[in-house]
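Below: input.tsv (TSV, C-alpha atoms)
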```tsv
chain	number	residue	atom	x	y	z
A	1	MET	CA	-26.56	-60.19	49.78
A	2	SER	CA	-28.35	-60.94	53.01
A	3	GLY	CA	-29.27	-59.09	56.20
A	4	GLY	CA	-26.89	-56.16	56.33
A	5	TYR	CA	-23.80	-57.64	54.73
A	6	THR	CA	-22.45	-58.83	51.37
A	7	ILE	CA	-19.79	-61.41	50.47
A	8	LEU	CA	-17.84	-60.69	47.30
A	9	SER	CA	-15.06	-62.49	45.42
A	10	LEU	CA	-12.93	-60.07	43.42
A	11	ASP	CA	-12.52	-62.86	40.85
A	12	GLU	CA	-16.23	-63.10	40.25
A	13	VAL	CA	-17.07	-59.44	39.67
A	14	GLU	CA	-17.69	-58.47	36.06
A	15	THR	CA	-14.85	-56.14	35.03
A	16	ALA	CA	-15.21	-52.84	33.24
A	17	SER	CA	-12.68	-51.35	30.86
A	18	HIS	CA	-11.38	-47.97	31.91
A	19	ARG	CA	-8.58	-46.11	30.12
A	20	GLY	CA	-6.92	-49.31	29.00
A	21	SER	CA	-7.23	-51.13	32.35
A	22	ASN	CA	-9.61	-53.76	33.73
A	23	LEU	CA	-11.55	-52.30	36.60
A	24	ILE	CA	-13.19	-54.51	39.21
A	25	PRO	CA	-15.97	-52.10	40.21
A	26	VAL	CA	-16.06	-52.90	43.93
A	27	ARG	CA	-17.67	-49.68	45.17
A	28	HIS	CA	-20.39	-49.77	42.54
A	29	THR	CA	-21.10	-53.46	43.16
A	30	LEU	CA	-21.27	-53.14	46.95
A	31	GLY	CA	-22.71	-49.66	47.30
A	32	PHE	CA	-19.92	-48.86	49.79
A	33	ARG	CA	-20.19	-45.20	50.87
A	34	PRO	CA	-17.33	-44.12	53.19
A	35	ALA	CA	-14.49	-44.16	50.63
A	36	GLY	CA	-13.68	-44.99	47.04
A	37	VAL	CA	-12.81	-48.70	46.85
A	38	ASN	CA	-12.00	-50.52	43.64
A	39	ALA	CA	-9.63	-53.14	42.29
A	40	TRP	CA	-7.70	-53.65	39.07
A	41	ARG	CA	-6.76	-56.88	37.36
A	42	ALA	CA	-4.22	-57.60	34.63
A	43	ASP	CA	-2.09	-60.40	33.23
A	44	ALA	CA	1.71	-60.20	32.92
A	45	GLY	CA	2.69	-57.09	30.97
A	46	GLY	CA	-0.80	-55.61	31.14
A	47	GLN	CA	-1.67	-52.20	32.52
A	48	LEU	CA	-3.16	-52.46	36.01
A	49	ILE	CA	-3.69	-48.86	37.07
A	50	PRO	CA	-4.30	-46.28	34.35
A	51	PRO	CA	-1.63	-43.55	34.38
A	52	HIS	CA	-3.18	-40.63	36.24
A	53	GLU	CA	-2.98	-38.10	39.04
A	54	GLU	CA	-5.63	-37.60	41.70
A	55	ASP	CA	-7.22	-34.25	42.44
A	56	SER	CA	-6.04	-32.08	45.26
A	57	GLY	CA	-6.59	-33.66	48.68
A	58	ASN	CA	-7.31	-37.14	47.38
A	59	GLU	CA	-5.14	-39.73	49.16
A	60	GLU	CA	-4.90	-43.21	47.69
A	61	LEU	CA	-3.65	-46.51	49.08
A	62	TYR	CA	-2.98	-49.49	46.82
A	63	VAL	CA	-2.39	-53.03	48.02
A	64	VAL	CA	-1.32	-55.96	45.86
A	65	VAL	CA	-3.75	-58.76	46.67
A	66	ARG	CA	-2.37	-61.32	44.23
A	67	GLY	CA	0.55	-61.60	41.83
A	68	ARG	CA	3.19	-58.94	41.38
A	69	ALA	CA	3.20	-55.41	39.96
A	70	THR	CA	5.59	-52.67	38.97
A	71	PHE	CA	4.43	-49.30	40.29
A	72	THR	CA	5.54	-45.94	39.00
A	73	VAL	CA	4.84	-43.09	41.40
A	74	GLY	CA	6.16	-39.68	40.45
A	75	LYS	CA	9.47	-40.54	38.78
A	76	GLU	CA	10.19	-43.62	40.92
A	77	THR	CA	9.60	-47.21	39.90
A	78	ALA	CA	9.39	-50.17	42.29
A	79	GLU	CA	8.26	-53.77	42.22
A	80	ALA	CA	5.51	-54.80	44.63
A	81	SER	CA	4.71	-58.41	45.56
A	82	ALA	CA	1.42	-59.62	47.06
A	83	GLY	CA	0.88	-57.98	50.44
A	84	THR	CA	2.66	-54.76	49.50
A	85	PHE	CA	1.02	-51.40	50.23
A	86	VAL	CA	1.78	-48.32	48.14
A	87	PHE	CA	0.60	-44.95	49.40
A	88	VAL	CA	0.26	-42.10	46.91
A	89	PRO	CA	-0.43	-38.54	48.05
A	90	PRO	CA	-2.68	-36.25	46.01
A	91	GLU	CA	-1.56	-34.75	42.70
A	92	VAL	CA	1.26	-37.26	42.20
A	93	PHE	CA	1.46	-39.25	38.99
A	94	ARG	CA	0.93	-43.00	39.38
A	95	THR	CA	0.50	-46.12	37.25
A	96	ALA	CA	1.14	-49.86	37.63
A	97	VAL	CA	1.80	-52.79	35.31
A	98	ALA	CA	1.26	-56.47	36.18
A	99	GLU	CA	4.30	-58.76	36.30
A	100	GLU	CA	2.30	-61.99	36.69
A	101	ASP	CA	-0.93	-63.31	35.24
A	102	GLY	CA	-3.99	-62.69	37.36
A	103	THR	CA	-2.43	-59.85	39.36
A	104	ILE	CA	-4.98	-57.92	41.43
A	105	VAL	CA	-4.46	-54.56	43.10
A	106	PHE	CA	-7.05	-53.20	45.55
A	107	ALA	CA	-7.33	-49.42	45.84
A	108	VAL	CA	-8.84	-47.17	48.51
A	109	GLY	CA	-9.18	-43.42	48.08
A	110	GLY	CA	-10.71	-40.39	49.69
A	111	THR	CA	-10.24	-36.70	50.32
A	112	VAL	CA	-8.85	-35.48	53.63
A	113	GLY	CA	-11.42	-33.52	55.63
A	114	GLU	CA	-14.28	-34.24	53.25
A	115	ALA	CA	-17.12	-36.73	53.28
A	116	PHE	CA	-16.66	-39.16	50.41
A	117	ASN	CA	-18.97	-38.47	47.54
A	118	ALA	CA	-18.75	-40.93	44.68
A	119	GLY	CA	-18.24	-39.14	41.39
A	120	GLY	CA	-19.50	-42.27	39.65
A	121	TRP	CA	-16.61	-42.61	37.17
A	122	ASP	CA	-16.41	-46.31	38.10
A	123	SER	CA	-20.13	-46.88	37.55
A	124	PHE	CA	-19.87	-45.02	34.24
A	125	ALA	CA	-16.95	-47.25	33.21
A	126	LEU	CA	-19.17	-50.29	33.78
A	127	ALA	CA	-22.12	-48.72	31.93
A	128	ASP	CA	-19.86	-47.88	29.01
A	129	THR	CA	-18.43	-51.41	28.97
A	130	TYR	CA	-22.00	-52.73	28.74
A	131	ARG	CA	-22.72	-50.27	25.92
A	132	GLN	CA	-19.72	-51.49	23.93
A	133	ALA	CA	-20.90	-55.07	24.42
A	134	GLY	CA	-24.31	-54.12	23.03
A	135	ARG	CA	-25.97	-54.39	26.45
A	136	LEU	CA	-27.62	-50.98	26.20
A	137	ASP	CA	-30.37	-51.67	28.70
A	138	ASP	CA	-27.90	-52.78	31.39
A	139	GLY	CA	-25.77	-49.69	30.79
A	140	ARG	CA	-28.76	-47.37	30.76
A	141	ALA	CA	-30.01	-48.87	34.05
A	142	ILE	CA	-26.72	-47.85	35.69
A	143	MET	CA	-26.94	-44.30	34.31
A	144	ARG	CA	-30.53	-44.01	35.54
A	145	GLN	CA	-29.49	-45.20	38.99
A	146	LEU	CA	-26.65	-42.67	39.11
A	147	ILE	CA	-28.97	-39.81	38.18
A	148	ALA	CA	-31.49	-40.95	40.79
A	149	GLU	CA	-28.76	-40.99	43.47
A	150	ARG	CA	-27.35	-37.54	42.65
A	151	PRO	CA	-29.87	-35.67	40.50
A	152	ASP	CA	-28.07	-32.32	40.94
A	153	TYR	CA	-24.56	-33.42	39.99
A	154	TRP	CA	-23.72	-32.13	36.52
A	155	ALA	CA	-21.22	-34.87	35.65
A	156	THR	CA	-23.80	-37.63	36.02
A	157	SER	CA	-26.12	-36.07	33.46
A	158	TYR	CA	-23.10	-35.27	31.30
A	159	ASN	CA	-21.95	-38.90	31.38
A	160	ALA	CA	-25.49	-40.05	30.59
A	161	GLY	CA	-25.32	-37.69	27.59
A	162	CYS	CA	-22.03	-39.26	26.49
A	163	PHE	CA	-23.53	-42.72	26.90
A	164	GLU	CA	-26.50	-41.91	24.67
A	165	ALA	CA	-24.35	-40.06	22.12
A	166	LEU	CA	-22.15	-43.12	21.74
A	167	ALA	CA	-25.19	-45.40	21.72
A	168	GLY	CA	-26.57	-43.47	18.75
A	169	ASN	CA	-29.48	-41.78	20.52
A	170	PRO	CA	-28.99	-38.07	19.91
A	171	ASP	CA	-32.41	-37.06	21.25
A	172	ALA	CA	-31.78	-38.65	24.64
A	173	ALA	CA	-28.19	-37.40	24.59
A	174	PHE	CA	-29.23	-33.76	24.12
A	175	GLU	CA	-31.78	-34.06	26.88
A	176	HIS	CA	-29.09	-35.19	29.36
A	177	LEU	CA	-26.56	-32.67	28.11
A	178	ARG	CA	-28.97	-29.74	28.41
A	179	ARG	CA	-29.56	-30.78	32.03
A	180	ALA	CA	-25.78	-31.02	32.61
A	181	LYS	CA	-25.31	-27.54	31.12
A	182	GLU	CA	-27.99	-26.13	33.43
A	183	LEU	CA	-26.30	-27.67	36.46
A	184	ALA	CA	-22.76	-26.55	35.66
A	185	PRO	CA	-22.62	-23.53	33.42
A	186	ASP	CA	-18.93	-23.00	34.23
A	187	GLU	CA	-15.61	-23.23	32.44
A	188	GLU	CA	-14.79	-26.71	33.79
A	189	SER	CA	-17.81	-28.27	32.13
A	190	ALA	CA	-17.47	-26.07	29.03
A	191	GLN	CA	-14.09	-27.61	28.33
A	192	TYR	CA	-15.60	-31.08	28.36
A	193	PHE	CA	-18.34	-30.02	25.98
A	194	ARG	CA	-15.74	-28.54	23.63
A	195	GLU	CA	-13.15	-31.32	23.69
A	196	ASP	CA	-14.69	-34.66	24.68
A	197	SER	CA	-14.54	-37.11	21.78
A	198	ASP	CA	-17.52	-38.98	23.27
A	199	LEU	CA	-19.65	-36.13	21.95
A	200	ASP	CA	-18.25	-36.28	18.39
A	201	PRO	CA	-21.35	-38.05	17.05
A	202	LEU	CA	-23.35	-34.93	18.02
A	203	ARG	CA	-21.07	-32.16	16.81
A	204	ASP	CA	-22.66	-31.76	13.39
A	205	ASP	CA	-26.15	-31.57	14.83
A	206	PRO	CA	-27.49	-27.97	14.95
A	207	ARG	CA	-28.64	-28.66	18.51
A	208	PHE	CA	-25.00	-28.96	19.58
A	209	GLN	CA	-24.16	-25.34	18.66
A	210	GLU	CA	-27.34	-24.30	20.41
A	211	LEU	CA	-26.18	-26.17	23.50
A	212	LEU	CA	-22.77	-24.48	23.52
A	213	GLY	CA	-24.60	-21.19	23.12
B	214	MET	CA	8.08	-44.25	46.90
B	215	ASN	CA	6.06	-44.76	50.03
B	216	LEU	CA	5.82	-48.56	49.91
B	217	THR	CA	5.75	-51.18	52.67
B	218	HIS	CA	5.04	-54.88	52.78
B	219	LEU	CA	2.42	-56.10	55.22
B	220	ASP	CA	5.06	-58.14	57.08
B	221	GLU	CA	7.26	-55.07	57.51
B	222	LEU	CA	4.52	-53.09	59.24
B	223	GLU	CA	4.66	-52.74	63.00
B	224	ALA	CA	3.04	-55.78	64.67
B	225	ILE	CA	1.15	-54.81	67.80
B	226	GLU	CA	-0.18	-57.84	69.61
B	227	LEU	CA	-3.31	-57.03	71.58
B	228	GLN	CA	-4.74	-58.75	74.59
B	229	ASP	CA	-7.10	-60.99	72.63
B	230	GLY	CA	-4.08	-62.44	70.84
B	231	PHE	CA	-4.60	-60.78	67.48
B	232	VAL	CA	-1.99	-58.61	65.84
B	233	TRP	CA	-2.83	-55.13	64.68
B	234	ARG	CA	-0.94	-53.82	61.65
B	235	PRO	CA	-1.47	-50.06	61.82
B	236	VAL	CA	-1.66	-49.30	58.10
B	237	ARG	CA	-3.36	-45.90	58.41
B	238	ARG	CA	-0.99	-44.79	61.15
B	239	HIS	CA	2.06	-46.00	59.26
B	240	PHE	CA	1.27	-43.98	56.15
B	241	GLY	CA	-0.36	-41.05	57.95
B	242	ILE	CA	-3.58	-41.53	55.97
B	243	ARG	CA	-6.38	-39.20	57.10
B	244	ALA	CA	-9.06	-39.61	54.44
B	245	PHE	CA	-10.33	-43.05	55.49
B	246	GLY	CA	-9.83	-45.81	58.04
B	247	VAL	CA	-7.59	-48.69	56.94
B	248	ASN	CA	-5.86	-51.36	59.02
B	249	ALA	CA	-4.64	-54.93	58.67
B	250	TYR	CA	-4.72	-57.84	61.10
B	251	THR	CA	-2.72	-61.05	61.36
B	252	PRO	CA	-3.03	-63.89	63.90
B	253	GLY	CA	-0.93	-63.83	67.06
B	254	ALA	CA	-1.19	-66.00	70.16
B	255	SER	CA	-4.82	-66.63	69.23
B	256	ARG	CA	-6.23	-67.26	65.76
B	257	GLN	CA	-8.37	-64.13	66.00
B	258	VAL	CA	-7.91	-61.70	63.09
B	259	VAL	CA	-10.99	-59.54	63.60
B	260	GLU	CA	-11.97	-59.03	67.21
B	261	GLU	CA	-15.62	-59.62	67.98
B	262	HIS	CA	-17.31	-56.22	67.87
B	263	THR	CA	-19.98	-54.04	66.32
B	264	GLU	CA	-19.53	-50.63	64.72
B	265	GLN	CA	-22.64	-49.26	66.40
B	266	GLN	CA	-20.74	-46.61	68.35
B	267	LEU	CA	-18.92	-45.22	65.32
B	268	GLY	CA	-21.59	-45.93	62.70
B	269	HIS	CA	-18.95	-47.25	60.31
B	270	GLU	CA	-19.54	-49.31	57.19
B	271	GLU	CA	-16.66	-51.79	56.95
B	272	ILE	CA	-15.05	-53.96	54.30
B	273	TYR	CA	-12.89	-56.90	55.44
B	274	LEU	CA	-10.74	-58.18	52.59
B	275	VAL	CA	-8.72	-61.38	52.98
B	276	LEU	CA	-5.22	-60.57	51.72
B	277	ARG	CA	-3.86	-64.09	52.16
B	278	GLY	CA	-4.65	-67.42	53.78
B	279	ARG	CA	-8.10	-68.60	54.79
B	280	VAL	CA	-10.30	-66.91	57.35
B	281	ARG	CA	-13.59	-67.87	58.97
B	282	PHE	CA	-15.89	-64.90	59.52
B	283	THR	CA	-18.85	-64.85	61.85
B	284	ILE	CA	-21.30	-62.13	60.83
B	285	GLY	CA	-24.37	-62.03	63.04
B	286	ASP	CA	-25.37	-65.70	63.21
B	287	ASP	CA	-23.78	-66.64	59.88
B	288	GLU	CA	-20.39	-68.21	59.21
B	289	HIS	CA	-18.39	-67.78	56.01
B	290	GLU	CA	-14.99	-69.19	55.14
B	291	LEU	CA	-13.18	-66.83	52.79
B	292	GLY	CA	-9.84	-66.96	50.97
B	293	ALA	CA	-7.49	-64.39	49.47
B	294	GLY	CA	-9.30	-61.99	47.17
B	295	GLN	CA	-12.66	-62.45	48.89
B	296	LEU	CA	-14.26	-59.83	51.09
B	297	VAL	CA	-17.21	-59.22	53.31
B	298	PHE	CA	-18.85	-55.82	53.34
B	299	VAL	CA	-20.73	-55.23	56.60
B	300	ARG	CA	-23.17	-52.47	55.79
B	301	ASP	CA	-25.10	-52.61	59.07
B	302	PRO	CA	-22.97	-51.13	61.90
B	303	SER	CA	-25.00	-53.00	64.53
B	304	LEU	CA	-24.10	-56.43	63.13
B	305	ARG	CA	-21.70	-58.34	65.37
B	306	ARG	CA	-18.65	-59.49	63.44
B	307	ALA	CA	-15.50	-61.51	64.19
B	308	ALA	CA	-12.98	-63.60	62.26
B	309	VAL	CA	-10.45	-66.32	62.99
B	310	ALA	CA	-7.54	-67.38	60.80
B	311	LEU	CA	-7.49	-70.96	59.56
B	312	GLY	CA	-3.69	-70.84	59.18
B	313	ASP	CA	-0.70	-68.83	60.41
B	314	ASP	CA	-0.25	-66.89	57.20
B	315	ALA	CA	-3.70	-65.27	57.12
B	316	ALA	CA	-4.11	-61.51	56.84
B	317	VAL	CA	-7.21	-59.33	56.71
B	318	LEU	CA	-7.47	-55.74	55.52
B	319	ALA	CA	-10.21	-53.62	57.07
B	320	VAL	CA	-11.45	-50.44	55.37
B	321	GLY	CA	-14.15	-48.31	56.90
B	322	GLY	CA	-15.72	-45.02	57.73
B	323	LYS	CA	-19.00	-43.29	58.42
B	324	PRO	CA	-21.02	-42.54	55.28
B	325	GLY	CA	-21.61	-38.87	54.61
B	326	GLU	CA	-18.94	-37.63	57.01
B	327	ALA	CA	-15.31	-36.63	56.69
B	328	HIS	CA	-13.15	-39.35	58.22
B	329	GLU	CA	-11.99	-38.90	61.79
B	330	VAL	CA	-9.25	-41.09	63.20
B	331	SER	CA	-10.83	-43.44	65.75
B	332	ALA	CA	-9.79	-43.14	69.39
B	333	TRP	CA	-9.19	-46.91	69.61
B	334	GLU	CA	-6.19	-46.58	67.28
B	335	TYR	CA	-4.36	-44.63	69.98
B	336	THR	CA	-5.54	-47.06	72.66
B	337	PHE	CA	-4.22	-49.99	70.60
B	338	ALA	CA	-0.94	-48.21	69.90
B	339	ALA	CA	-0.45	-47.44	73.60
B	340	ALA	CA	-1.44	-50.93	74.83
B	341	PRO	CA	1.92	-52.71	74.47
B	342	HIS	CA	3.72	-49.82	76.21
B	343	LEU	CA	1.22	-49.91	79.04
B	344	ARG	CA	1.55	-53.68	79.48
B	345	ALA	CA	5.35	-53.42	79.54
B	346	GLY	CA	5.30	-50.60	82.07
B	347	ARG	CA	6.66	-48.04	79.56
B	348	TYR	CA	4.45	-45.26	80.90
B	349	ASP	CA	6.26	-42.40	79.17
B	350	GLU	CA	5.75	-44.02	75.78
B	351	ALA	CA	2.11	-44.88	76.52
B	352	ARG	CA	1.50	-41.31	77.70
B	353	GLU	CA	3.07	-39.91	74.54
B	354	VAL	CA	0.77	-41.94	72.25
B	355	LEU	CA	-2.37	-41.08	74.23
B	356	CYS	CA	-1.48	-37.38	74.38
B	357	GLU	CA	-1.02	-37.48	70.60
B	358	GLY	CA	-4.55	-38.94	70.47
B	359	LEU	CA	-5.97	-36.25	72.73
B	360	GLU	CA	-4.35	-33.61	70.57
B	361	ALA	CA	-6.15	-35.08	67.55
B	362	LYS	CA	-9.37	-35.71	69.50
B	363	PRO	CA	-9.59	-33.20	72.36
B	364	GLY	CA	-11.88	-34.28	75.19
B	365	SER	CA	-12.20	-37.88	73.94
B	366	ALA	CA	-13.63	-39.85	76.89
B	367	PRO	CA	-11.91	-43.17	76.08
B	368	LEU	CA	-8.53	-41.49	75.64
B	369	LEU	CA	-8.88	-39.49	78.87
B	370	TYR	CA	-9.77	-42.77	80.58
B	371	ASP	CA	-6.77	-44.59	79.10
B	372	LEU	CA	-4.46	-41.77	80.11
B	373	ALA	CA	-5.93	-41.92	83.63
B	374	CYS	CA	-4.99	-45.64	83.70
B	375	VAL	CA	-1.42	-44.77	82.68
B	376	GLU	CA	-1.08	-42.08	85.36
B	377	ALA	CA	-2.59	-44.31	88.06
B	378	LEU	CA	-0.14	-47.09	87.20
B	379	ALA	CA	2.71	-44.59	87.05
B	380	GLY	CA	1.86	-43.47	90.58
B	381	LYS	CA	0.58	-40.01	89.62
B	382	SER	CA	-2.62	-40.19	91.64
B	383	ASP	CA	-3.73	-36.55	91.41
B	384	THR	CA	-3.37	-36.44	87.64
B	385	ALA	CA	-5.06	-39.84	87.30
B	386	LEU	CA	-8.07	-38.76	89.37
B	387	GLU	CA	-8.42	-35.52	87.45
B	388	LEU	CA	-8.31	-37.31	84.09
B	389	LEU	CA	-10.69	-40.02	85.23
B	390	ASN	CA	-13.24	-37.46	86.38
B	391	GLN	CA	-12.92	-35.62	83.07
B	392	SER	CA	-13.54	-38.90	81.27
B	393	VAL	CA	-16.64	-39.70	83.32
B	394	GLY	CA	-17.85	-36.13	82.75
B	395	ALA	CA	-17.57	-36.65	78.99
B	396	ASP	CA	-19.15	-40.11	78.96
B	397	GLU	CA	-20.98	-41.63	81.93
B	398	ARG	CA	-20.19	-45.20	80.87
B	399	PHE	CA	-16.63	-44.78	82.08
B	400	ARG	CA	-17.89	-44.41	85.66
B	401	GLU	CA	-19.04	-48.02	85.52
B	402	TYR	CA	-15.87	-49.29	83.84
B	403	ALA	CA	-13.73	-47.58	86.47
B	404	GLN	CA	-15.34	-49.48	89.35
B	405	THR	CA	-13.78	-52.81	88.37
B	406	ASP	CA	-10.68	-51.65	86.47
B	407	GLU	CA	-7.58	-53.05	88.17
B	408	ASP	CA	-5.48	-50.18	86.80
B	409	PHE	CA	-7.17	-47.92	89.36
B	410	ALA	CA	-6.40	-50.05	92.43
B	411	SER	CA	-4.06	-47.36	93.79
B	412	ILE	CA	-6.65	-44.56	93.65
B	413	ARG	CA	-9.96	-46.34	94.25
B	414	ASP	CA	-10.09	-45.41	97.97
B	415	ASP	CA	-9.52	-41.73	97.29
B	416	PRO	CA	-12.63	-39.60	97.99
B	417	ARG	CA	-12.16	-37.97	94.56
B	418	PHE	CA	-12.63	-41.35	92.81
B	419	PRO	CA	-15.90	-41.27	90.83
B	420	ARG	CA	-18.51	-43.53	92.46
```
As a first step, turn the structure in this file into structure tokens.
Amino acid sequence: MSGGYTILSLDEVETASHRGSNLIPVRHTLGFRPAGVNAWRADAGGQLIPPHEEDSGNEELYVVVRGRATFTVGKETAEASAGTFVFVPPEVFRTAVAEEDGTIVFAVGGTVGEAFNAGGWDSFALADTYRQAGRLDDGRAIMRQLIAERPDYWATSYNAGCFEALAGNPDAAFEHLRRAKELAPDEESAQYFREDSDLDPLRDDPRFQELLG
Amino acid sequence: MNLTHLDELEAIELQDGFVWRPVRRHFGIRAFGVNAYTPGASRQVVEEHTEQQLGHEEIYLVLRGRVRFTIGDDEHELGAGQLVFVRDPSLRRAAVALGDDAAVLAVGGKPGEAHEVSAWEYTFAAAPHLRAGRYDEAREVLCEGLEAKPGSAPLLYDLACVEALAGKSDTALELLNQSVGADERFREYAQTDEDFASIRDDPRFPR
């Protein structure tokens, strides 16, 4: 990084694992703010884009930067060579599989009519990858940064709670989760607290029942 | 599936000799700005500019070939899969292709604000029609822009150019004055713009 700009090679960014795919965490690495930008890498036969749908209003554009991929969007399947753009409207199922080694797909997303606000799922994926590699301090640094950036967003504290639960630190986990519960005492968050397997290490702790209230 | 290869996108060659591939326009994307560029008569793939006016953060990703970027006073040669993120909107940036097959993807927007389609996209889309004397087509594109961005000074100005060239002096003068009213800078541009040769002596022409 130097004076107001950054050069980045997608090949040189440390990848994170996210739902069975290799994420190149472009947005997190650059600190890009106007839209969600990330990339995915896989070898032949590997999953590039995790099967998912985007929330209402969230448009997404994918472009194959290198290699070849098979996209499934809704019920349609199509092959996409390097230089191919695939546009997917909100709420439509999508996934992609690499057909060649070293295939890279770049993705841009955002919500129509709304300022982009990073939910931080990509940063969390990187933190969690660090945690699984035993690099707890690196992962924790990311979670701290996310909380500092959006102290009032429940999901950030919630994810920090998951991180600490999985890292075997129940005290820190409960502290984050209590904060998350304060910030989002609604049904959406309640479902996560009830069903998320990340919190399994805490479920037998009496503090967990207290938390669910 | 809504899928298109870069080479199948419309290729709009602009005056500086670079070719605009209107990705956002093609797909009707509204959530963010996204466009691609390939070399045309010149090797330019990113025109020299700043984003000061729009306040955009921009990413330029090389999709294929090799490209030499000039960012401020620095030069960087990048290949496919490499990108430059220009965080500072006031930084001057430009890029030239080092081969015919180069392509650059540009993604940008203003942090903290919902994306608005930039006026220049309509100007670019109208440019080839204007150059070829297809005034009806140029007018249609610019009116589409004014519908999306009512009162936009650059679009009113561009439409004034079209009407002046099409011989519709009254309409041209009215639009030009509206443009100058919305943004004083267009008064200065108008003084030397050849498109207004037919209306420059009219007393209604903004001095």
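Put simply, CA of Val297 in chain B is 29.4 Å away from CA of Ala133 in chain A.
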For a quick test of understanding: name the residues of chain B lying within 6 Å of chain A when counting all atoms listed in the file, and present them as a PDB file with C-alpha atoms, in the frame of the given file.
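Generated file (selection-v1.pdb):
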```
ATOM      1  CA  ASN B 215       6.060 -44.760  50.030  1.00  0.00           C
ATOM      2  CA  LEU B 216       5.820 -48.560  49.910  1.00  0.00           C
ATOM      3  CA  THR B 217       5.750 -51.180  52.670  1.00  0.00           C
ATOM      4  CA  HIS B 218       5.040 -54.880  52.780  1.00  0.00           C
ATOM      5  CA  LEU B 219       2.420 -56.100  55.220  1.00  0.00           C
ATOM      6  CA  ARG B 243      -6.380 -39.200  57.100  1.00  0.00           C
ATOM      7  CA  ALA B 244      -9.060 -39.610  54.440  1.00  0.00           C
ATOM      8  CA  LEU B 276      -5.220 -60.570  51.720  1.00  0.00           C
ATOM      9  CA  GLY B 294      -9.300 -61.990  47.170  1.00  0.00           C
ATOM     10  CA  GLN B 295     -12.660 -62.450  48.890  1.00  0.00           C
ATOM     11  CA  LEU B 296     -14.260 -59.830  51.090  1.00  0.00           C
ATOM     12  CA  VAL B 297     -17.210 -59.220  53.310  1.00  0.00           C
ATOM     13  CA  PHE B 298     -18.850 -55.820  53.340  1.00  0.00           C
ATOM     14  CA  VAL B 299     -20.730 -55.230  56.600  1.00  0.00           C
ATOM     15  CA  ARG B 300     -23.170 -52.470  55.790  1.00  0.00           C
ATOM     16  CA  ASP B 301     -25.100 -52.610  59.070  1.00  0.00           C
ATOM     17  CA  GLY B 322     -15.720 -45.020  57.730  1.00  0.00           C
ATOM     18  CA  LYS B 323     -19.000 -43.290  58.420  1.00  0.00           C
ATOM     19  CA  PRO B 324     -21.020 -42.540  55.280  1.00  0.00           C
ATOM     20  CA  GLY B 325     -21.610 -38.870  54.610  1.00  0.00           C
ATOM     21  CA  GLU B 326     -18.940 -37.630  57.010  1.00  0.00           C
ATOM     22  CA  ALA B 327     -15.310 -36.630  56.690  1.00  0.00           C
TER      23      ALA B 327
END
```
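CA of Pro419 in chain B is found 26.1 Å from CA of Arg347 in chain B.
Taking CA of Cys374 in chain B as the reference point, CA of Phe409 in chain B is found at 6.5 Å.
Distances to Pro206 in chain A were evaluated for A:Phe174, A:Phe163, A:Tyr192, A:Tyr130 using all atoms listed in the file, and the minimum falls at A:Phe174.
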Taking all atoms listed in the file into account, name the residue in B:Asp314, B:Glu271, B:Leu222, B:Met214 that is nearest to Gly253 in chain B. B:Asp314
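Counting all atoms listed in the file, the residue from B:Ala379, B:Ile412, B:Leu359, B:Gln391 that sits nearest to Ala345 in chain B is B:Ala379.
Using all atoms listed in the file for every distance, the candidate list B:Ala338, B:Ile242, B:Leu369, B:Val247 yields B:Ala338 as the residue closest to Glu226 in chain B.
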Determine, counting all atoms listed in the file, which protein, DNA and RNA residues have an atom within 12 Å of an atom of Glu188 in chain A; residues of the same chain fewer than 6 positions away are not included. Present the result as a PDB file with C-alpha atoms, in the frame of the given file.
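Saved as around.pdb:
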```pdb
ATOM      1  CA  TRP A 154     -23.720 -32.130  36.520  1.00  0.00           C
ATOM      2  CA  ALA A 155     -21.220 -34.870  35.650  1.00  0.00           C
ATOM      3  CA  ALA A 180     -25.780 -31.020  32.610  1.00  0.00           C
ATOM      4  CA  LYS A 181     -25.310 -27.540  31.120  1.00  0.00           C
ATOM      5  CA  ARG A 194     -15.740 -28.540  23.630  1.00  0.00           C
ATOM      6  CA  GLU A 195     -13.150 -31.320  23.690  1.00  0.00           C
TER       7      GLU A 195
END
```
Which polymer residues have any atom within 8 Å of an atom of Gly120 in chain A, counting all atoms listed in the file, with same-chain residues fewer than 4 positions away left out, as a PyMOL selection string? chain A and resi 124+146+156
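Of the listed residues A:Gly134, A:Gly67, A:Gly20, A:Pro51, the one whose atoms come nearest to Glu99 in chain A is A:Gly67, with distances taken using all atoms listed in the file.
Excluding Leu318 in chain B itself and any same-chain residue fewer than 6 positions from it, the protein and nucleic acid residues within 8 Å of it, counting only C-alpha atoms, are B:Val247, B:Asn248, B:Ala249, B:Tyr250, B:Ile272, B:Tyr273, B:Leu274, B:Val275, B:Leu276.
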May I have the residues from that selection written out with C-alpha atoms, as an mmCIF file, in the coordinates of the input?
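Result written to selection_37.cif:
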```
data_model
loop_
_atom_site.group_PDB
_atom_site.id
_atom_site.type_symbol
_atom_site.label_atom_id
_atom_site.label_comp_id
_atom_site.auth_asym_id
_atom_site.auth_seq_id
_atom_site.Cartn_x
_atom_site.Cartn_y
_atom_site.Cartn_z
ATOM 1 C CA VAL B 247 -7.590 -48.690 56.940
ATOM 2 C CA ASN B 248 -5.860 -51.360 59.020
ATOM 3 C CA ALA B 249 -4.640 -54.930 58.670
ATOM 4 C CA TYR B 250 -4.720 -57.840 61.100
ATOM 5 C CA ILE B 272 -15.050 -53.960 54.300
ATOM 6 C CA TYR B 273 -12.890 -56.900 55.440
ATOM 7 C CA LEU B 274 -10.740 -58.180 52.590
ATOM 8 C CA VAL B 275 -8.720 -61.380 52.980
ATOM 9 C CA LEU B 276 -5.220 -60.570 51.720
#
```
